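I have placed the structure first, in the form of C-alpha cells, so that the comments after it can refer back to it.
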Amino acid sequence: LEAKFEIAQEILELKREKNAVILGHNYMEPALFHTIPDYVGDSLELSRVAARTNAEIIVFCGVRFMAETAKILNPSKTVLLPSTKAGCSLAASITAEDVRRLKERFPGVPVVTYVNTYADVKAESDVCCTSSNAVAVVESLQSDTVIFLPDEYLARNVARETGKRIIFPTLDEGTLGEPYQMIGWHGRCEVHERYTVQDIEDVRRMFPDVVILSHPECSPEVVEASDFAGSTTAMIRYVERTNAPRYLLLTECSMGDNVMAAYPDKEFVRLCTVRCPHMNQITLEDTLNALKLGRHVIEVPEDIRVRAARALERMIAIGP
Ligand code: 13P
Ligand code: SF4
C-alpha cells in the first residue's frame with residue numbers, strides 16, 4: 001500500500017510539472033480512482049471536461065475510445081493512454097465499413113453511435129450518444145427511423161423507453177418487412193451482458209429490501225427487473241440521494257468498490273464477479289510511465305477527426 005502511495009505522489013508531482021490533467025473513469029481501480037485524477041466521471045462528463053481543459057497534456061485513465069474522444073474534441077492537446085491494451089468489446093464489434101454498408105442499405109436514415117466506438121465509426125455517424133443521454137439524442141432527431149449502433153442491449157433499452165419498434169438486420173432478417181423505427185447492431189458489453197434476471201431474483205430472495213441499480217448495457221430483462229437504470233455517474237448519484245436499506249450495483253466491480261468507499265455508512269450487496277478486462281489494464285504504474293515517457297500518444301487522422309468531432313459536438317449540444 002505504501003508503494004502505491006509513493007507512485008501516486010510521483011504522478012501528482014509530474015502532473016504539475018508537465019501541466020497535465022488526469023481524467024479517470026468511474027471504473028478505475030480504487031488505488032487509482034481515489035488518488036490521482038483531477039476529474040472522475042462517466043463518459044459524457046469526461047468528454048465535456050476534455051473539450052474545455054487548458055492543460056497541455058490529457059492523461060486518460062479509461063479505455064481507448066474515451067482517450068480518442070478527448071483527442072477528437074481537443075486536437076491541439078497531447079492525449080496519453082497508459083496502456084495500449086485498453087480496448088472495449090463494444091468498440092471492437094463494428095467497423096466504419098459496417099456503418100457505410102448500413103447507410104447504403106437504409107439511405108437517408110440518421111445514424112446514432114454510442115461513444116463506445118472508434119473514431120472512424122464516429123466519423124460515419126450523424127450524432128453520438130452515451131448511456132446518460134441516449135434517449136434524449138434519439139428523441140432529438142425527430143426522424144421516423146434511426147440507426148442506433150453498436151450496442152444491442154442499449155438499443156433495446158432505448159427502444160423500450162421510447163416505445164419504438166426495433167429490428168436487427170444481422171440478427172432477425174425475417175422481421176425486416178414489418179414496420180420499425182430503430183435499426184440496431186449486435187455489439188455487446190462483455191461485462192454487462194453477463195448479469196441475468198436469475199441473479200436479481202436470487203439476491204431479492206436473500207435481501208427483499210435491496211434496491212437494484214443496473215447499467216443500460218445490461219439486457220432489457222435485467223433493466224426491467226432492476227429498480228433504476230442509468231450511466232455510471234447516474235447510479236452513483238442515485239445512491240447519494242436515496243436512503244435504501246441496501247443497494248446492489250449491476251455494473252463493473254471496481255465501481256462497486258469505489259462507491260462503497262465513498263459511502264461507508266450505506267450498505268451494499270456484492271455480486272461482483274466481473275471486472276472489465278480493458279479498464280483493468282490501467283494501473284498506477286502504467287500511468288506513471290505514461291507521464292514519464294509521454295506514452296501512448298493517441299492520434300486520429302485529421303479527415304476522420306473533423307467528421308467525428310461533428311457527431312460528438314452535436315451530442316454535447318443536445319445535453320443534458
Ligand atoms: P458510462 O458512460 O455510463 O460511464 O459507461 C461507460 C462504459 O464503458 C460502461 O461500460
Ligand atoms: Fe467496454 Fe463493457 Fe468494458 Fe465498458 S465495461 S469499457 S462497455 S467492455
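Just so we're on the same page: first chain in the C-alpha cells is A, next is B, and so on; residues restart at 1 for each chain, and ligands are numbered from 1 in the order they show up.
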(Q) Env of Met235 in chain A: 12 Å cut, atoms = only C-alpha atoms, seq-sep filter 6 positions within chain, self excluded. Answer as a list in words. (A)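 Contacts, in chain order: Asn26, Gly41, Asp42, Ser131, Ser132, Val211, Ile212, Leu213, Ser214, His215, Pro216, Ser226, Asp227, Phe228, Ala229, Arg241, Thr242, Tyr247, Leu248, Leu249, Leu250, Thr251, Glu252, Met255, Gly256 and Val259 of chain A.
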Write the residues you've just listed into a file as a tab-separated table (two decimals), in the first residue's frame, and include N, CA and C atoms for each of them.
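To be explicit, this is the file written out as out.tsv:
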```tsv
chain	number	residue	atom	x	y	z
A	26	ASN	N	-15.12	6.18	-13.89
A	26	ASN	CA	-15.65	5.58	-12.65
A	26	ASN	C	-15.20	4.13	-12.45
A	41	GLY	N	-15.56	10.54	-13.52
A	41	GLY	CA	-16.92	10.64	-14.01
A	41	GLY	C	-17.27	9.56	-15.01
A	42	ASP	N	-18.45	9.71	-15.64
A	42	ASP	CA	-18.87	8.79	-16.70
A	42	ASP	C	-18.36	9.32	-18.04
A	131	SER	N	-24.54	6.53	-22.44
A	131	SER	CA	-25.63	5.86	-21.74
A	131	SER	C	-26.51	6.87	-21.02
A	132	SER	N	-25.97	8.07	-20.75
A	132	SER	CA	-26.78	9.02	-19.99
A	132	SER	C	-27.68	9.90	-20.87
A	211	VAL	N	-32.26	-2.47	-3.09
A	211	VAL	CA	-32.58	-1.62	-4.24
A	211	VAL	C	-31.51	-1.91	-5.30
A	212	ILE	N	-31.99	-2.31	-6.49
A	212	ILE	CA	-31.05	-2.79	-7.53
A	212	ILE	C	-30.90	-1.76	-8.64
A	213	LEU	N	-29.63	-1.41	-8.90
A	213	LEU	CA	-29.31	-0.43	-9.94
A	213	LEU	C	-28.55	-1.15	-11.05
A	214	SER	N	-28.92	-0.88	-12.30
A	214	SER	CA	-28.19	-1.53	-13.39
A	214	SER	C	-27.78	-0.51	-14.44
A	215	HIS	N	-26.78	-0.90	-15.24
A	215	HIS	CA	-26.32	-0.04	-16.33
A	215	HIS	C	-27.13	-0.42	-17.58
A	216	PRO	N	-27.47	0.55	-18.45
A	216	PRO	CA	-28.28	0.21	-19.63
A	216	PRO	C	-27.57	-0.65	-20.67
A	226	SER	N	-34.72	-4.38	-12.55
A	226	SER	CA	-34.00	-3.51	-11.60
A	226	SER	C	-34.91	-2.39	-11.13
A	227	ASP	N	-34.47	-1.65	-10.10
A	227	ASP	CA	-35.26	-0.51	-9.61
A	227	ASP	C	-34.87	0.77	-10.31
A	228	PHE	N	-33.64	0.80	-10.85
A	228	PHE	CA	-33.15	2.01	-11.51
A	228	PHE	C	-32.11	1.60	-12.53
A	229	ALA	N	-32.09	2.29	-13.68
A	229	ALA	CA	-31.02	2.05	-14.66
A	229	ALA	C	-30.46	3.39	-15.09
A	241	ARG	N	-28.37	10.22	-3.25
A	241	ARG	CA	-29.57	10.97	-2.85
A	241	ARG	C	-30.66	10.12	-2.21
A	242	THR	N	-30.45	8.79	-2.14
A	242	THR	CA	-31.50	7.95	-1.55
A	242	THR	C	-30.99	7.30	-0.26
A	247	TYR	N	-28.05	-1.62	-1.22
A	247	TYR	CA	-28.03	-1.46	-2.68
A	247	TYR	C	-27.26	-2.60	-3.32
A	248	LEU	N	-27.65	-2.90	-4.57
A	248	LEU	CA	-26.85	-3.81	-5.39
A	248	LEU	C	-26.59	-3.09	-6.71
A	249	LEU	N	-25.33	-2.98	-7.10
A	249	LEU	CA	-25.00	-2.31	-8.36
A	249	LEU	C	-24.65	-3.37	-9.39
A	250	LEU	N	-25.44	-3.43	-10.48
A	250	LEU	CA	-25.11	-4.39	-11.53
A	250	LEU	C	-24.28	-3.69	-12.57
A	251	THR	N	-23.00	-3.60	-12.27
A	251	THR	CA	-22.05	-2.97	-13.18
A	251	THR	C	-20.67	-3.51	-12.82
A	252	GLU	N	-19.66	-2.83	-13.33
A	252	GLU	CA	-18.29	-3.28	-13.19
A	252	GLU	C	-17.84	-3.26	-11.72
A	255	MET	N	-16.11	-0.20	-9.73
A	255	MET	CA	-17.01	0.90	-9.39
A	255	MET	C	-17.74	0.60	-8.08
A	256	GLY	N	-18.11	-0.64	-7.88
A	256	GLY	CA	-18.74	-1.04	-6.62
A	256	GLY	C	-17.81	-0.72	-5.46
A	259	VAL	N	-17.69	3.09	-4.90
A	259	VAL	CA	-18.91	3.63	-4.29
A	259	VAL	C	-18.99	3.24	-2.82
```
Q: Please write out the residues within 6 Å of ligand 1 as a list in words, counting only C-alpha atoms and all ligand atoms.
A: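 Written in the requested form, the residues are Asp42, Ser43, Leu44, Thr130, Ser131, Ser231 and Thr232 of chain A.
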Q. Taking only C-alpha atoms and all ligand atoms into account, which residues are within 7 Å of ligand 2, as a PyMOL selection string?
A. chain A and resi 63+87-90+116+189-192+252+276-279
**Q.** Atomic separation - CA of Met182 in chain A relative to CA of Val146 in chain A, Å
**A.** 4.9 Å
Q.
Taking only C-alpha atoms into account, name the residue in A:Glu285, A:Glu313, A:Glu299, A:Asp172 that is nearest to Lys77 in chain A.
A.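 Ranking A:Glu285, A:Glu313, A:Glu299, A:Asp172 by distance to Lys77 in chain A, first place goes to A:Glu299.
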Q: For Asp38 in chain A, please output as a PyMOL selection string all residues within 9 Å (counting only C-alpha atoms; exclusion window: fewer than 3 positions along the same chain).
A: chain A and resi 21-24
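Distances here use only C-alpha atoms; by that measure, the residue among A:Arg275, A:His34, A:Lys122, A:Arg165 closest to Ile72 in chain A is A:Lys122.
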Q: Going by DSSP on the backbone, which bits of range 15-186 of chain A are strand (DSSP E or B)? Write them as an MDAnalysis selection string, please.
A: chainID A and resid 20:25 39:41 57:61 78:80 111:114 127:129 146:149 151 166:167 182:183
Go ahead and save the residues from that selection, with C-alpha atoms, as an mmCIF file, in the first residue's frame.
```
data_model
loop_
_atom_site.group_PDB
_atom_site.id
_atom_site.type_symbol
_atom_site.label_atom_id
_atom_site.label_comp_id
_atom_site.auth_asym_id
_atom_site.auth_seq_id
_atom_site.Cartn_x
_atom_site.Cartn_y
_atom_site.Cartn_z
ATOM 1 C CA ALA A 20 -1.134 17.639 -17.360
ATOM 2 C CA VAL A 21 -4.689 16.871 -16.352
ATOM 3 C CA ILE A 22 -5.705 13.331 -15.365
ATOM 4 C CA LEU A 23 -9.212 12.132 -16.197
ATOM 5 C CA GLY A 24 -10.387 8.939 -14.518
ATOM 6 C CA HIS A 25 -13.426 6.887 -15.465
ATOM 7 C CA TYR A 39 -11.768 14.692 -12.571
ATOM 8 C CA VAL A 40 -13.653 11.432 -12.291
ATOM 9 C CA GLY A 41 -16.924 10.640 -14.005
ATOM 10 C CA ILE A 57 -1.450 17.030 -21.734
ATOM 11 C CA ILE A 58 -4.549 14.922 -21.053
ATOM 12 C CA VAL A 59 -3.794 11.567 -19.415
ATOM 13 C CA PHE A 60 -6.850 9.388 -19.851
ATOM 14 C CA CYS A 61 -7.302 6.701 -17.218
ATOM 15 C CA THR A 78 -1.380 15.685 -26.329
ATOM 16 C CA VAL A 79 -3.623 12.822 -25.195
ATOM 17 C CA LEU A 80 -1.970 9.863 -23.462
ATOM 18 C CA VAL A 111 -27.062 7.267 -37.628
ATOM 19 C CA VAL A 112 -26.619 7.485 -33.836
ATOM 20 C CA THR A 113 -23.481 5.845 -32.451
ATOM 21 C CA TYR A 114 -22.696 5.118 -28.854
ATOM 22 C CA VAL A 127 -24.587 12.154 -33.806
ATOM 23 C CA CYS A 128 -23.050 10.295 -30.859
ATOM 24 C CA CYS A 129 -24.678 9.384 -27.548
ATOM 25 C CA VAL A 146 -32.986 5.860 -36.596
ATOM 26 C CA ILE A 147 -29.935 3.616 -36.967
ATOM 27 C CA PHE A 148 -28.551 3.016 -33.446
ATOM 28 C CA LEU A 149 -25.103 1.379 -33.134
ATOM 29 C CA ASP A 151 -24.829 -1.948 -28.505
ATOM 30 C CA ILE A 166 -36.536 -2.184 -33.226
ATOM 31 C CA ILE A 167 -35.020 -4.591 -35.741
ATOM 32 C CA MET A 182 -34.895 1.720 -34.894
ATOM 33 C CA ILE A 183 -32.242 -0.360 -36.626
#
```
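Between CA of Glu193 in chain A and CA of Asp209 in chain A there is a distance of 24.6 Å.
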Q: Give the answer as one residue: which of A:Asp199, A:Glu10, A:Glu17, A:Glu68 has the shortest atom-to-atom distance to Val297 in chain A, using only C-alpha atoms?
A: A:Glu68
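The coordinates place CA of Ser125 in chain A at 6.3 Å from CA of Ala311 in chain A.
Residues in contact with Leu32 in chain A at up to 9 Å, not including ones fewer than 3 positions away on its chain and judged by only C-alpha atoms, are Lys4, Ala8, Gly24, Met28, Glu29, Thr35, Ile36, Pro37, Cys61, Ile282, Thr283 and Leu284 of chain A.
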Q | Within 8 Å of Val197 in chain A using only C-alpha atoms, minus same-chain residues under 4 positions, as a VMD selection string | A | chain A and resid 201 221 to 222 225
Expected file: the selected residues, N, CA and C atoms, as a PDB file, in the first residue's frame:
```
ATOM      1  N   GLU A 201     -33.232 -12.244  -9.041  1.00  0.00           N
ATOM      2  CA  GLU A 201     -34.210 -12.993  -8.227  1.00  0.00           C
ATOM      3  C   GLU A 201     -33.532 -13.611  -7.001  1.00  0.00           C
ATOM      4  N   GLU A 221     -34.225  -7.275 -20.030  1.00  0.00           N
ATOM      5  CA  GLU A 221     -34.882  -8.058 -18.970  1.00  0.00           C
ATOM      6  C   GLU A 221     -34.275  -7.703 -17.614  1.00  0.00           C
ATOM      7  N   VAL A 222     -32.950  -7.559 -17.584  1.00  0.00           N
ATOM      8  CA  VAL A 222     -32.264  -7.195 -16.338  1.00  0.00           C
ATOM      9  C   VAL A 222     -32.636  -5.764 -15.942  1.00  0.00           C
ATOM     10  N   ALA A 225     -36.075  -5.670 -14.509  1.00  0.00           N
ATOM     11  CA  ALA A 225     -36.162  -6.275 -13.164  1.00  0.00           C
ATOM     12  C   ALA A 225     -35.429  -5.437 -12.105  1.00  0.00           C
TER      13      ALA A 225
END
```
(Q) List as an MDAnalysis selection string the protein and nucleic acid residues near Asp303 in chain A, meaning an atom at most 10 Å away when only C-alpha atoms are counted, but skip any in the same chain fewer than 5 places from it. (A) chainID A and resid 120 123 308
